[in-house]
Amino acid sequence: MTSTRRQAREWAIQMLTAADLNPPGDIAQFVAAQWEQICSLSAEDGTPVKVKSAMKRFTEERVTGVLSHLDEIDARITPLLENWDLYRLGTIERTVIRLGVWELAYSDVPVPVVINEAIDLANWFSTSRSRMLVNGVLDKFAKANPRAAAAE
């Protein structure tokens, strides 16, 4: 199986969902355990999952970035939810939005790519209705984010 940035984001969502449900004490130890679990699986064709080092770094940057800035990210998301509590969101939606906000605030990935990937991930891991919520929140964040405004 060839890994891509899309696959790396899928791994990041899986790891961040696990962290959301069971917050880790040590992020590095948590990430290492998650990789062990992922690499113990087999691809659809029965071959072992092999993770290229570049994709591993891409995934880990996102997971450690979100977990290291979680309080700040949540504080930036909450006002965008308009009369909705962050913890009333589904776990997947909350995780996808957190990853999207981190990428918009801390990475150099173009804004349209971040939002499109987040919408696709929400659709893949949750429902097609989730994509509307994710799109709305990330669009609001991108418009208020200086990096996003400079990229347009």
# chains A, B, ... in the order shown; residues from 1 in each chain; ligands from 1
$ residues_around --residues "Trp102 (chain A)" --least-positions-apart "2" --cutoff "10 Å" --atoms "only C-alpha atoms" --output "PyMOL selection string"
chain A and resi 62-63+65-67+69-70+72-73+96-100+104-107+114
$ write_last_selection --atoms "N, CA, C and O atoms" --output "mmCIF file, in the first residue's frame"
data_model
loop_
_atom_site.group_PDB
_atom_site.id
_atom_site.type_symbol
_atom_site.label_atom_id
_atom_site.label_comp_id
_atom_site.auth_asym_id
_atom_site.auth_seq_id
_atom_site.Cartn_x
_atom_site.Cartn_y
_atom_site.Cartn_z
ATOM 1 N N ARG A 62 0.879 16.442 12.694
ATOM 2 C CA ARG A 62 -0.506 16.823 12.923
ATOM 3 C C ARG A 62 -1.015 16.348 14.282
ATOM 4 O O ARG A 62 -1.662 17.098 15.001
ATOM 5 N N VAL A 63 -0.729 15.112 14.623
ATOM 6 C CA VAL A 63 -1.211 14.570 15.896
ATOM 7 C C VAL A 63 -0.584 15.315 17.067
ATOM 8 O O VAL A 63 -1.296 15.782 17.962
ATOM 9 N N GLY A 65 0.853 18.206 16.992
ATOM 10 C CA GLY A 65 0.461 19.607 16.904
ATOM 11 C C GLY A 65 -0.904 19.855 17.513
ATOM 12 O O GLY A 65 -1.080 20.769 18.325
ATOM 13 N N VAL A 66 -1.880 19.037 17.134
ATOM 14 C CA VAL A 66 -3.231 19.201 17.686
ATOM 15 C C VAL A 66 -3.226 18.952 19.186
ATOM 16 O O VAL A 66 -3.768 19.750 19.960
ATOM 17 N N LEU A 67 -2.595 17.871 19.626
ATOM 18 C CA LEU A 67 -2.616 17.536 21.054
ATOM 19 C C LEU A 67 -1.852 18.560 21.885
ATOM 20 O O LEU A 67 -2.252 18.867 23.007
ATOM 21 N N HIS A 69 -1.602 21.749 21.222
ATOM 22 C CA HIS A 69 -2.318 23.033 21.197
ATOM 23 C C HIS A 69 -3.822 22.850 21.426
ATOM 24 O O HIS A 69 -4.612 23.712 21.054
ATOM 25 N N LEU A 70 -4.198 21.747 22.031
ATOM 26 C CA LEU A 70 -5.615 21.391 22.134
ATOM 27 C C LEU A 70 -6.467 22.465 22.806
ATOM 28 O O LEU A 70 -7.521 22.835 22.282
ATOM 29 N N GLU A 72 -5.922 25.670 23.120
ATOM 30 C CA GLU A 72 -5.987 26.849 22.248
ATOM 31 C C GLU A 72 -6.911 26.595 21.051
ATOM 32 O O GLU A 72 -7.733 27.448 20.695
ATOM 33 N N ILE A 73 -6.782 25.427 20.445
ATOM 34 C CA ILE A 73 -7.620 25.080 19.290
ATOM 35 C C ILE A 73 -9.083 25.059 19.700
ATOM 36 O O ILE A 73 -9.937 25.638 19.020
ATOM 37 N N VAL A 96 -12.050 16.157 13.290
ATOM 38 C CA VAL A 96 -11.756 16.692 11.956
ATOM 39 C C VAL A 96 -11.624 18.213 12.015
ATOM 40 O O VAL A 96 -10.710 18.794 11.410
ATOM 41 N N ILE A 97 -12.500 18.871 12.748
ATOM 42 C CA ILE A 97 -12.428 20.326 12.879
ATOM 43 C C ILE A 97 -11.141 20.723 13.585
ATOM 44 O O ILE A 97 -10.464 21.672 13.172
ATOM 45 N N ARG A 98 -10.768 20.013 14.640
ATOM 46 C CA ARG A 98 -9.518 20.324 15.341
ATOM 47 C C ARG A 98 -8.322 20.197 14.396
ATOM 48 O O ARG A 98 -7.445 21.064 14.377
ATOM 49 N N LEU A 99 -8.285 19.124 13.627
ATOM 50 C CA LEU A 99 -7.181 18.947 12.683
ATOM 51 C C LEU A 99 -7.174 20.062 11.645
ATOM 52 O O LEU A 99 -6.132 20.627 11.339
ATOM 53 N N GLY A 100 -8.346 20.395 11.131
ATOM 54 C CA GLY A 100 -8.429 21.471 10.143
ATOM 55 C C GLY A 100 -7.973 22.807 10.702
ATOM 56 O O GLY A 100 -7.234 23.545 10.045
ATOM 57 N N LEU A 104 -4.842 25.000 9.386
ATOM 58 C CA LEU A 104 -5.023 26.384 8.956
ATOM 59 C C LEU A 104 -4.139 27.342 9.750
ATOM 60 O O LEU A 104 -3.625 28.324 9.208
ATOM 61 N N ALA A 105 -3.959 27.067 11.031
ATOM 62 C CA ALA A 105 -3.207 27.983 11.888
ATOM 63 C C ALA A 105 -1.700 27.727 11.889
ATOM 64 O O ALA A 105 -0.931 28.663 12.047
ATOM 65 N N TYR A 106 -1.289 26.474 11.702
ATOM 66 C CA TYR A 106 0.122 26.144 11.931
ATOM 67 C C TYR A 106 0.853 25.513 10.757
ATOM 68 O O TYR A 106 2.042 25.225 10.873
ATOM 69 N N SER A 107 0.187 25.249 9.664
ATOM 70 C CA SER A 107 0.878 24.612 8.543
ATOM 71 C C SER A 107 0.874 25.540 7.329
ATOM 72 O O SER A 107 0.203 26.564 7.332
ATOM 73 N N VAL A 114 -6.807 22.347 2.779
ATOM 74 C CA VAL A 114 -7.156 21.987 4.157
ATOM 75 C C VAL A 114 -8.657 21.765 4.275
ATOM 76 O O VAL A 114 -9.116 20.740 4.807
#
$ closest_atom_pairs --of "region 62-110 of chain A" --to "region 19-26 of chain A" --cutoff "9 Å" --atoms "only C-alpha atoms" --output "CSV"
residue,atom,partner,partner_atom,distance
A:Leu67,CA,A:Ala19,CA,8.2
A:Thr91,CA,A:Asp20,CA,7.4
A:Arg94,CA,A:Asp20,CA,9.0
A:Thr95,CA,A:Asp20,CA,7.6
$ residues_around --residues "Ala122 (chain A)" --least-positions-apart "2" --cutoff "9 Å" --atoms "only C-alpha atoms" --output "MDAnalysis selection string"
chainID A and resid 92:93 96:97 117:120 124:131 134
$ closest_residue --among "A:Thr17, A:Ile77, A:Gly90, A:Thr4" --to "Lys50 (chain A)" --atoms "only C-alpha atoms"
A:Thr4
$ residues_around --residues "region 32-42 of chain A" --least-positions-apart "2" --cutoff "9 Å" --atoms "only C-alpha atoms" --output "mmCIF file with N, CA and C atoms, in the first residue's frame"
data_model
loop_
_atom_site.group_PDB
_atom_site.id
_atom_site.type_symbol
_atom_site.label_atom_id
_atom_site.label_comp_id
_atom_site.auth_asym_id
_atom_site.auth_seq_id
_atom_site.Cartn_x
_atom_site.Cartn_y
_atom_site.Cartn_z
ATOM 1 N N TRP A 11 -4.815 8.509 9.146
ATOM 2 C CA TRP A 11 -4.154 7.994 10.355
ATOM 3 C C TRP A 11 -4.209 9.014 11.469
ATOM 4 N N GLN A 14 -7.588 8.964 13.025
ATOM 5 C CA GLN A 14 -7.742 7.775 13.870
ATOM 6 C C GLN A 14 -7.030 7.963 15.207
ATOM 7 N N MET A 15 -5.813 8.486 15.163
ATOM 8 C CA MET A 15 -5.056 8.706 16.399
ATOM 9 C C MET A 15 -5.706 9.780 17.263
ATOM 10 N N ALA A 18 -8.785 8.480 18.974
ATOM 11 C CA ALA A 18 -8.407 7.660 20.132
ATOM 12 C C ALA A 18 -8.005 8.561 21.296
ATOM 13 N N ILE A 27 2.350 12.211 25.024
ATOM 14 C CA ILE A 27 1.993 12.231 23.601
ATOM 15 C C ILE A 27 2.906 11.335 22.775
ATOM 16 N N ALA A 28 4.214 11.402 23.021
ATOM 17 C CA ALA A 28 5.159 10.593 22.241
ATOM 18 C C ALA A 28 4.903 9.101 22.438
ATOM 19 N N GLN A 29 4.668 8.704 23.655
ATOM 20 C CA GLN A 29 4.377 7.294 23.939
ATOM 21 C C GLN A 29 3.056 6.873 23.281
ATOM 22 N N PHE A 30 2.075 7.745 23.335
ATOM 23 C CA PHE A 30 0.782 7.474 22.709
ATOM 24 C C PHE A 30 0.941 7.280 21.203
ATOM 25 N N GLU A 44 -5.855 -4.195 2.449
ATOM 26 C CA GLU A 44 -6.951 -4.987 1.877
ATOM 27 C C GLU A 44 -6.454 -6.202 1.116
ATOM 28 N N ASP A 45 -5.279 -6.094 0.498
ATOM 29 C CA ASP A 45 -4.752 -7.209 -0.269
ATOM 30 C C ASP A 45 -3.938 -8.187 0.579
ATOM 31 N N GLY A 46 -3.899 -7.976 1.891
ATOM 32 C CA GLY A 46 -3.217 -8.895 2.786
ATOM 33 C C GLY A 46 -1.766 -8.553 3.065
ATOM 34 N N THR A 47 -1.235 -7.547 2.385
ATOM 35 C CA THR A 47 0.148 -7.154 2.632
ATOM 36 C C THR A 47 0.208 -6.289 3.887
ATOM 37 N N PRO A 48 1.321 -6.356 4.601
ATOM 38 C CA PRO A 48 1.437 -5.534 5.815
ATOM 39 C C PRO A 48 1.425 -4.046 5.478
ATOM 40 N N VAL A 49 0.903 -3.262 6.393
ATOM 41 C CA VAL A 49 0.898 -1.817 6.216
ATOM 42 C C VAL A 49 2.319 -1.321 6.448
ATOM 43 N N LYS A 50 2.845 -0.612 5.457
ATOM 44 C CA LYS A 50 4.168 -0.004 5.574
ATOM 45 C C LYS A 50 3.989 1.491 5.452
ATOM 46 N N VAL A 51 4.582 2.201 6.370
ATOM 47 C CA VAL A 51 4.424 3.645 6.401
ATOM 48 C C VAL A 51 5.748 4.295 6.005
ATOM 49 N N LYS A 56 4.863 9.307 7.818
ATOM 50 C CA LYS A 56 4.862 9.160 9.274
ATOM 51 C C LYS A 56 5.102 10.521 9.927
#
$ select_by_dssp --residues "region 9-148 of chain A" --states "alpha helix (DSSP H)" --output "ChimeraX atom specification"
/A:9-21,27-39,53-68,70-77,91-106,111-125,130-144,146-148
$ closest_residue --among "A:Met55, A:Ala144, A:Leu16, A:Leu133" --to "Leu81 (chain A)" --atoms "only C-alpha atoms"
A:Leu133
$ atom_distance --atom1 "CA of Asn145 (chain A)" --atom2 "CA of Glu103 (chain A)"
11.3 Å
$ closest_residue --among "A:Thr59, A:Asn83, A:Asn135, A:Asn116" --to "Val31 (chain A)" --atoms "only C-alpha atoms"
A:Thr59
$ closest_residue --among "A:Val101, A:Val137, A:Ala8, A:Leu121" --to "Ala54 (chain A)" --atoms "only C-alpha atoms"
A:Ala8
$ atom_distance --atom1 "CA of Thr78 (chain A)" --atom2 "CA of Asp139 (chain A)"
14.1 Å
